[in-house]
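Peer 1: For reference, the structure I am asking about is given below.
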Amino acid sequence: MKRIFEVALGILAAIGGFVDIGDIVFNTAAGATFGYGLLWVVVLGVGGIITYSEMCGRVAAVSKQPVFDAVRERLGLATGLVALVAAQIVNLLTLAAEVGGIALTLQLLSGLPYRALILLGVLALAVVIWVLPFGWIERVFGYVGLCLLVFAVAAIKLHPDWGEVAKGFVPHVNTESPLVYGYFAVGLLGAAMTPYEVYFYSSGAVEEGWTPKDLGINKANAIIGYGLGGFLSFALMITAGALFLPLGIEPELLGTVALGAEVPLGQIGLILALVGTLFAVGGAAIDTCFSGAYNLAQFLGWEWGKYRGEARAPRFTLTWLVLLALGFCIVMTGIDPILLTEYSVIFSVVALPFTYIPILLVANDKSHMERYANGRVANTLGLFYLLVILVVSLTAIPLMLLTNMGQG
Amino acid sequence: MPPGVRRLGAVLVFAVSLGLVGCGSGSQTLDATALQKQAETVESFAAEGALLAGEIADGRTTGPFAQVQAAALTESAQKVVDSLAPGKAKPAPGLANKLARVRSQAKLVLGWLRPLEHANKVTASRLQSRLGEQASNAKQLAESL
Amino acid sequence: MSTSGELDLAYGVLDHQLVDSEGRRCGKVDDLELEGKAGAELRITALLVGPGAWRGRLPGPFARLAGRLFARKLVRVPWDVVESAEAAVHLGKTASELGLGRGDDRWRKRIARIPGS
């Protein structure tokens, strides 16, 4: 009974933790541009993150190897270093985007000046990470992030054409503006399969001391947790499609997203949307920051992990502190966080194959995985998504340039 | 981390940031599609302004949110007006008139957005109708381009 | 060691995590020291750890760049200290005895000064 409770709590944290600033921006923009037509892409993306995380979690539980351990081992030093540099750049961009998102949300809640809130946000993150144990961080941010379910209520209250919504789940291509459609598809897939989520998930498995006995939890977290998390993405897109598209509103501000909950539900909708965003994005900032530290430490062989304690993994600790400071600096330059978010999602799509391929290889390696290596289902899905990831990775930048970031 | 790595990291971050900030600035030649896009953007600001004004008038927002969002909308609209200024924007041949129409539409919308930041319920209600009108106007303008 | 008694050096040892006798992570196997002549039997004599070791595995210009950014530190871990080599390479001595993990040692005192660590 206690076990089921634990599993349920873990799933709740995964749902609330699924959405980050990239998902918020892309799902809302996609809904405002194409209505419900891209819902099937979100399903595809959720399938991808489930497949990828389940593999990473299994690899971490069985061979105690998180992602960048496997990357260095399988790709070797030189190629692995390229993967590391690419991952770190993308991670840093994503971190900055999340920090910017935190500051924007705090500003919408408080009215205080943006720049001061960047500092406040970063300091608060540092204190939270320092003081709270690993499990608590995930749970607190995950649970409050569930406030974003307000968008599910909002979507229903806006009375969308459910027939049209259903059609959106059927894979199809928009023939009127195929390039812009393609750009959004790539962005949605990138936002759903953000690499830092996977680095964090696999390192988290080691932080929590997972063993082969926990493979059931791994599957539950990945399938149910991320599956239901995708549900939040649907809610964002449907809300935008029902409210913004008919009015001709092109959301370019974070506050516009919150309007989506406020119009049907009033002040309480607004506050839940903002608080949910704050904690979802805040949690994502922490995950991204830690991912950068995990990647570097795991590649170079340093001691790592919050569970070791700050003093026993000093270089790891120093790394996440420095990354947080760098993220702060980037946001302080005044760059638009929404623009930064779009860049970070697109670039992370380009870097995705570098870390996906080593995991697929290790997950199949019987000497590491013994009888827990990929079975037929995992490999079929694994190869299918490898194809998807390669296609998306190659088309991301051309589409971004051709459509001028989705402006058409 | 050794100082060398930190320095390299700082340079990298600076370069990336600079690149990102630099992107998207500079004057452009506007063809028909680009002009239509600008008109649609103006329509979007007007429509959102009308939506926000309506919510403020009904007392459904919070003070800080209304103020911050209105200010952000105004700033975005200002950027569009600036980018369409005679010095900045070069119309493709034959489009000078159309550019002028989009420019004046943008200025109109900006004019009705500015007071939204400190509007009370009564003012917001008025602004809602004005911005709603401008949204339709901008929409018609975009469709005619 | 794997059950067949053989050890794939490239996949089984190189670039793997080093773990000392106390379970502490203390670096990666950055290079291998091998003994023997061409055509004769090759024996592994030591693991090499540190920038001085992995520098040489990068292509020319990057090796030089690495040389300028990082010290040329290299720690030699004799092969007989290795207890097992699976996902991680487990060593029979502590990191301090072997001269590994010095980077963490250097930073430990400064981080420990921050309250709550």
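By order of appearance in the structure tokens: chains A, B, ..., then residues from 1 within every chain, and ligands from 1 in the order shown.
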Enumerate as a list in words the residues belonging to chain C that approach chain B to within 12 Å, with only C-alpha atoms taken into account.

Peer 2: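 Here is what falls inside 12 Å: Pro51, Leu65, Ala66, Gly67, Arg68, Leu69, Phe70, Ala71, Gly103, Asp104, Arg106 and Trp107 of chain C.
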
Peer 1: Contacts of A:Val122 at 12 Å or less, counting only C-alpha atoms, minus same-chain residues fewer than 4 places along, as a ChimeraX atom specification?

Peer 2: /A:95-96,98-103,106,115-118,126-129,282,285-286,289,320-329,331-332

Peer 1: Create the file for the chosen residues now, containing N, CA and C atoms and written as a compact mmCIF listing (two decimals), in the first residue's frame.

Peer 2:
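Output file out.txt is given in full below:
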```txt
# COMPACT_ATOMS: atom_id res chain seq x y z
N LEU A 95 18.47 26.88 -19.64
CA LEU A 95 18.46 27.39 -18.27
C LEU A 95 18.15 28.88 -18.26
N ALA A 96 18.81 29.61 -19.15
CA ALA A 96 18.56 31.05 -19.22
C ALA A 96 17.10 31.33 -19.56
N GLU A 98 14.52 29.44 -18.91
CA GLU A 98 13.68 29.15 -17.74
C GLU A 98 13.81 30.26 -16.70
N VAL A 99 15.04 30.73 -16.47
CA VAL A 99 15.25 31.81 -15.50
C VAL A 99 14.49 33.06 -15.94
N GLY A 100 14.56 33.36 -17.24
CA GLY A 100 13.80 34.49 -17.77
C GLY A 100 12.32 34.31 -17.54
N GLY A 101 11.85 33.07 -17.76
CA GLY A 101 10.44 32.76 -17.55
C GLY A 101 10.03 32.97 -16.10
N ILE A 102 10.90 32.57 -15.18
CA ILE A 102 10.62 32.78 -13.75
C ILE A 102 10.47 34.26 -13.45
N ALA A 103 11.40 35.06 -13.97
CA ALA A 103 11.36 36.49 -13.71
C ALA A 103 10.10 37.12 -14.29
N LEU A 106 7.12 36.10 -12.10
CA LEU A 106 7.14 36.85 -10.85
C LEU A 106 6.68 38.30 -11.08
N ARG A 115 14.23 43.22 -13.82
CA ARG A 115 15.63 42.91 -13.55
C ARG A 115 15.86 42.49 -12.10
N ALA A 116 15.16 43.16 -11.18
CA ALA A 116 15.32 42.79 -9.77
C ALA A 116 14.83 41.37 -9.55
N LEU A 117 13.78 40.99 -10.30
CA LEU A 117 13.20 39.67 -10.11
C LEU A 117 14.09 38.58 -10.69
N ILE A 118 14.91 38.93 -11.68
CA ILE A 118 15.85 37.94 -12.20
C ILE A 118 16.80 37.54 -11.06
N ALA A 126 18.93 29.10 -5.91
CA ALA A 126 20.16 28.62 -5.28
C ALA A 126 19.89 28.16 -3.86
N VAL A 127 19.11 28.94 -3.12
CA VAL A 127 18.82 28.59 -1.72
C VAL A 127 18.01 27.29 -1.66
N VAL A 128 17.00 27.20 -2.52
CA VAL A 128 16.16 26.00 -2.52
C VAL A 128 17.00 24.76 -2.82
N ILE A 129 17.83 24.84 -3.85
CA ILE A 129 18.65 23.69 -4.20
C ILE A 129 19.58 23.33 -3.06
N GLY A 282 10.16 26.94 -12.62
CA GLY A 282 11.18 26.93 -11.58
C GLY A 282 11.80 25.55 -11.42
N ALA A 285 14.03 24.92 -14.26
CA ALA A 285 15.31 25.62 -14.14
C ALA A 285 16.27 24.81 -13.29
N ILE A 286 15.76 24.27 -12.20
CA ILE A 286 16.61 23.46 -11.32
C ILE A 286 17.08 22.21 -12.05
N CYS A 289 19.71 23.16 -14.61
CA CYS A 289 20.95 23.55 -13.95
C CYS A 289 21.70 22.30 -13.49
N TRP A 320 27.14 23.61 -10.75
CA TRP A 320 25.77 24.09 -10.88
C TRP A 320 25.64 25.53 -10.41
N LEU A 321 26.47 25.92 -9.44
CA LEU A 321 26.46 27.32 -9.01
C LEU A 321 26.91 28.24 -10.15
N VAL A 322 27.98 27.83 -10.84
CA VAL A 322 28.49 28.64 -11.95
C VAL A 322 27.46 28.71 -13.08
N LEU A 323 26.81 27.57 -13.37
CA LEU A 323 25.80 27.55 -14.43
C LEU A 323 24.65 28.49 -14.11
N LEU A 324 24.22 28.48 -12.86
CA LEU A 324 23.14 29.37 -12.43
C LEU A 324 23.57 30.82 -12.62
N ALA A 325 24.81 31.12 -12.28
CA ALA A 325 25.33 32.48 -12.43
C ALA A 325 25.38 32.86 -13.92
N LEU A 326 25.81 31.93 -14.77
CA LEU A 326 25.87 32.21 -16.20
C LEU A 326 24.46 32.44 -16.77
N GLY A 327 23.51 31.63 -16.33
CA GLY A 327 22.13 31.81 -16.78
C GLY A 327 21.63 33.19 -16.40
N PHE A 328 21.95 33.58 -15.17
CA PHE A 328 21.61 34.91 -14.68
C PHE A 328 22.17 35.99 -15.60
N CYS A 329 23.46 35.85 -15.94
CA CYS A 329 24.11 36.85 -16.79
C CYS A 329 23.42 36.95 -18.15
N VAL A 331 20.35 36.28 -18.99
CA VAL A 331 19.05 36.93 -18.91
C VAL A 331 19.20 38.42 -18.63
N MET A 332 20.22 38.79 -17.87
CA MET A 332 20.44 40.20 -17.54
C MET A 332 20.80 41.03 -18.78
```

Peer 1: Using only C-alpha atoms, which of B:Lys121, B:Lys139, B:Lys107, B:Lys79 sits nearest B:Asp58?

Peer 2: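 With only C-alpha atoms as the atom set, the closest residue is B:Lys121.
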
Peer 1: Chain C near chain A within 9 Å: what's each residue's closest atom pair and its distance in Å to one decimal, counting only C-alpha atoms, ordered by chain then ascending residue number, as JSON lines?

Peer 2:
```
{"residue": "C:Ser2", "atom": "CA", "partner": "A:Ser367", "partner_atom": "CA", "distance": 8.2}
{"residue": "C:Ala10", "atom": "CA", "partner": "A:Glu73", "partner_atom": "CA", "distance": 8.9}
{"residue": "C:Tyr11", "atom": "CA", "partner": "A:Glu73", "partner_atom": "CA", "distance": 6.9}
{"residue": "C:Gly12", "atom": "CA", "partner": "A:Glu73", "partner_atom": "CA", "distance": 8.6}
{"residue": "C:Val13", "atom": "CA", "partner": "A:Glu73", "partner_atom": "CA", "distance": 8.8}
{"residue": "C:Leu14", "atom": "CA", "partner": "A:Glu73", "partner_atom": "CA", "distance": 7.4}
{"residue": "C:Asp15", "atom": "CA", "partner": "A:Glu73", "partner_atom": "CA", "distance": 5.3}
{"residue": "C:His16", "atom": "CA", "partner": "A:Glu73", "partner_atom": "CA", "distance": 6.2}
{"residue": "C:Gln17", "atom": "CA", "partner": "A:Gly301", "partner_atom": "CA", "distance": 5.8}
{"residue": "C:Leu18", "atom": "CA", "partner": "A:Gly301", "partner_atom": "CA", "distance": 7.1}
{"residue": "C:Arg24", "atom": "CA", "partner": "A:Glu303", "partner_atom": "CA", "distance": 6.9}
{"residue": "C:Arg25", "atom": "CA", "partner": "A:Glu303", "partner_atom": "CA", "distance": 4.8}
{"residue": "C:Cys26", "atom": "CA", "partner": "A:Trp302", "partner_atom": "CA", "distance": 5.8}
{"residue": "C:Gly27", "atom": "CA", "partner": "A:Gly301", "partner_atom": "CA", "distance": 3.9}
{"residue": "C:Lys28", "atom": "CA", "partner": "A:Gly301", "partner_atom": "CA", "distance": 4.8}
{"residue": "C:Val29", "atom": "CA", "partner": "A:Gly301", "partner_atom": "CA", "distance": 8.6}
{"residue": "C:Asp30", "atom": "CA", "partner": "A:Leu77", "partner_atom": "CA", "distance": 8.3}
{"residue": "C:Trp54", "atom": "CA", "partner": "A:Leu77", "partner_atom": "CA", "distance": 7.8}
{"residue": "C:Arg57", "atom": "CA", "partner": "A:Ala78", "partner_atom": "CA", "distance": 7.2}
{"residue": "C:Leu58", "atom": "CA", "partner": "A:Ala78", "partner_atom": "CA", "distance": 5.8}
{"residue": "C:Pro59", "atom": "CA", "partner": "A:Ala78", "partner_atom": "CA", "distance": 7.8}
{"residue": "C:Glu86", "atom": "CA", "partner": "A:His368", "partner_atom": "CA", "distance": 7.4}
{"residue": "C:Ala87", "atom": "CA", "partner": "A:Ser63", "partner_atom": "CA", "distance": 6.2}
{"residue": "C:Ala88", "atom": "CA", "partner": "A:Gln65", "partner_atom": "CA", "distance": 8.5}
{"residue": "C:Gly101", "atom": "CA", "partner": "A:Trp302", "partner_atom": "CA", "distance": 7.3}
{"residue": "C:Gly103", "atom": "CA", "partner": "A:Arg315", "partner_atom": "CA", "distance": 7.4}
{"residue": "C:Asp104", "atom": "CA", "partner": "A:Pro314", "partner_atom": "CA", "distance": 5.7}
{"residue": "C:Asp105", "atom": "CA", "partner": "A:Pro314", "partner_atom": "CA", "distance": 8.0}
{"residue": "C:Arg106", "atom": "CA", "partner": "A:Pro314", "partner_atom": "CA", "distance": 8.7}
{"residue": "C:Trp107", "atom": "CA", "partner": "A:Pro314", "partner_atom": "CA", "distance": 5.7}
{"residue": "C:Arg108", "atom": "CA", "partner": "A:Pro314", "partner_atom": "CA", "distance": 5.2}
{"residue": "C:Lys109", "atom": "CA", "partner": "A:Ala311", "partner_atom": "CA", "distance": 7.6}
{"residue": "C:Arg110", "atom": "CA", "partner": "A:Pro314", "partner_atom": "CA", "distance": 8.4}
{"residue": "C:Ile111", "atom": "CA", "partner": "A:Ala311", "partner_atom": "CA", "distance": 5.9}
{"residue": "C:Ala112", "atom": "CA", "partner": "A:Ala311", "partner_atom": "CA", "distance": 5.2}
{"residue": "C:Arg113", "atom": "CA", "partner": "A:Ala311", "partner_atom": "CA", "distance": 8.9}
{"residue": "C:Gly116", "atom": "CA", "partner": "A:Val131", "partner_atom": "CA", "distance": 6.9}
{"residue": "C:Ser117", "atom": "CA", "partner": "A:Glu310", "partner_atom": "CA", "distance": 5.0}
```

Peer 1: From a backbone DSSP assignment, name each residue in chain B labelled strand (DSSP E), as a list of chain:residue names.

Peer 2: B:Thr29, B:Leu30, B:Lys90, B:Pro91

Peer 1: Mind dumping the selected residues with N, CA and C atoms as a CSV table (one decimal), in the first residue's frame?

Peer 2:
```csv
chain,number,residue,atom,x,y,z
B,29,THR,N,13.7,45.5,-46.3
B,29,THR,CA,12.8,45.9,-47.4
B,29,THR,C,11.6,45.1,-47.2
B,30,LEU,N,10.4,45.7,-47.2
B,30,LEU,CA,9.2,45.0,-46.9
B,30,LEU,C,8.5,44.7,-48.2
B,90,LYS,N,11.9,50.1,-45.7
B,90,LYS,CA,11.9,50.5,-47.1
B,90,LYS,C,10.8,49.6,-47.8
B,91,PRO,N,9.8,50.3,-48.4
B,91,PRO,CA,8.8,49.5,-49.1
B,91,PRO,C,9.3,49.0,-50.4
```

Peer 1: Specify as a short mmCIF file (atom, residue, chain, number, x, y, z; two decimals) with N, CA and C atoms, in the first residue's frame all residues of chain A found within 7 Å of chain B, counting only C-alpha atoms.

Peer 2:
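Okay, iface-v6.cif is ready:
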```cif
data_model
loop_
_atom_site.label_atom_id
_atom_site.label_comp_id
_atom_site.auth_asym_id
_atom_site.auth_seq_id
_atom_site.Cartn_x
_atom_site.Cartn_y
_atom_site.Cartn_z
N LEU A 108 4.61 39.31 -13.42
CA LEU A 108 3.16 39.32 -13.66
C LEU A 108 2.38 39.14 -12.35
N LEU A 109 3.01 38.45 -11.41
CA LEU A 109 2.34 38.24 -10.12
C LEU A 109 2.48 39.46 -9.20
N SER A 110 3.65 40.11 -9.24
CA SER A 110 3.95 41.11 -8.23
C SER A 110 3.99 42.54 -8.74
N GLY A 111 4.27 42.70 -10.04
CA GLY A 111 4.43 44.04 -10.57
C GLY A 111 5.79 44.65 -10.29
N LEU A 247 -9.72 35.08 -32.39
CA LEU A 247 -9.58 36.53 -32.21
C LEU A 247 -8.40 37.09 -32.99
N GLY A 248 -7.64 36.20 -33.63
CA GLY A 248 -6.48 36.67 -34.39
C GLY A 248 -5.34 37.11 -33.51
N ILE A 249 -5.26 36.57 -32.28
CA ILE A 249 -4.18 36.95 -31.36
C ILE A 249 -3.01 36.00 -31.55
N GLU A 250 -1.82 36.59 -31.78
CA GLU A 250 -0.59 35.80 -31.89
C GLU A 250 0.18 35.98 -30.59
N GLY A 255 2.46 36.58 -20.47
CA GLY A 255 1.19 36.95 -19.85
C GLY A 255 -0.01 36.56 -20.71
N GLY A 266 -11.70 33.67 -14.79
CA GLY A 266 -11.55 34.82 -13.91
C GLY A 266 -10.25 34.85 -13.13
N GLN A 267 -10.27 35.60 -12.04
CA GLN A 267 -9.05 35.86 -11.28
C GLN A 267 -8.41 34.57 -10.76
N ILE A 330 23.12 35.81 -18.74
CA ILE A 330 22.49 35.82 -20.06
C ILE A 330 21.17 36.57 -20.01
N ILE A 335 17.89 40.06 -23.19
CA ILE A 335 17.34 39.32 -24.31
C ILE A 335 15.92 38.85 -23.96
#
```

Peer 1: Give me every alpha helix (DSSP H) residue in stretch 8-78 of chain C, going by DSSP on the backbone, as a PyMOL selection string.

Peer 2: chain C and resi 9-12+51-54+60-69
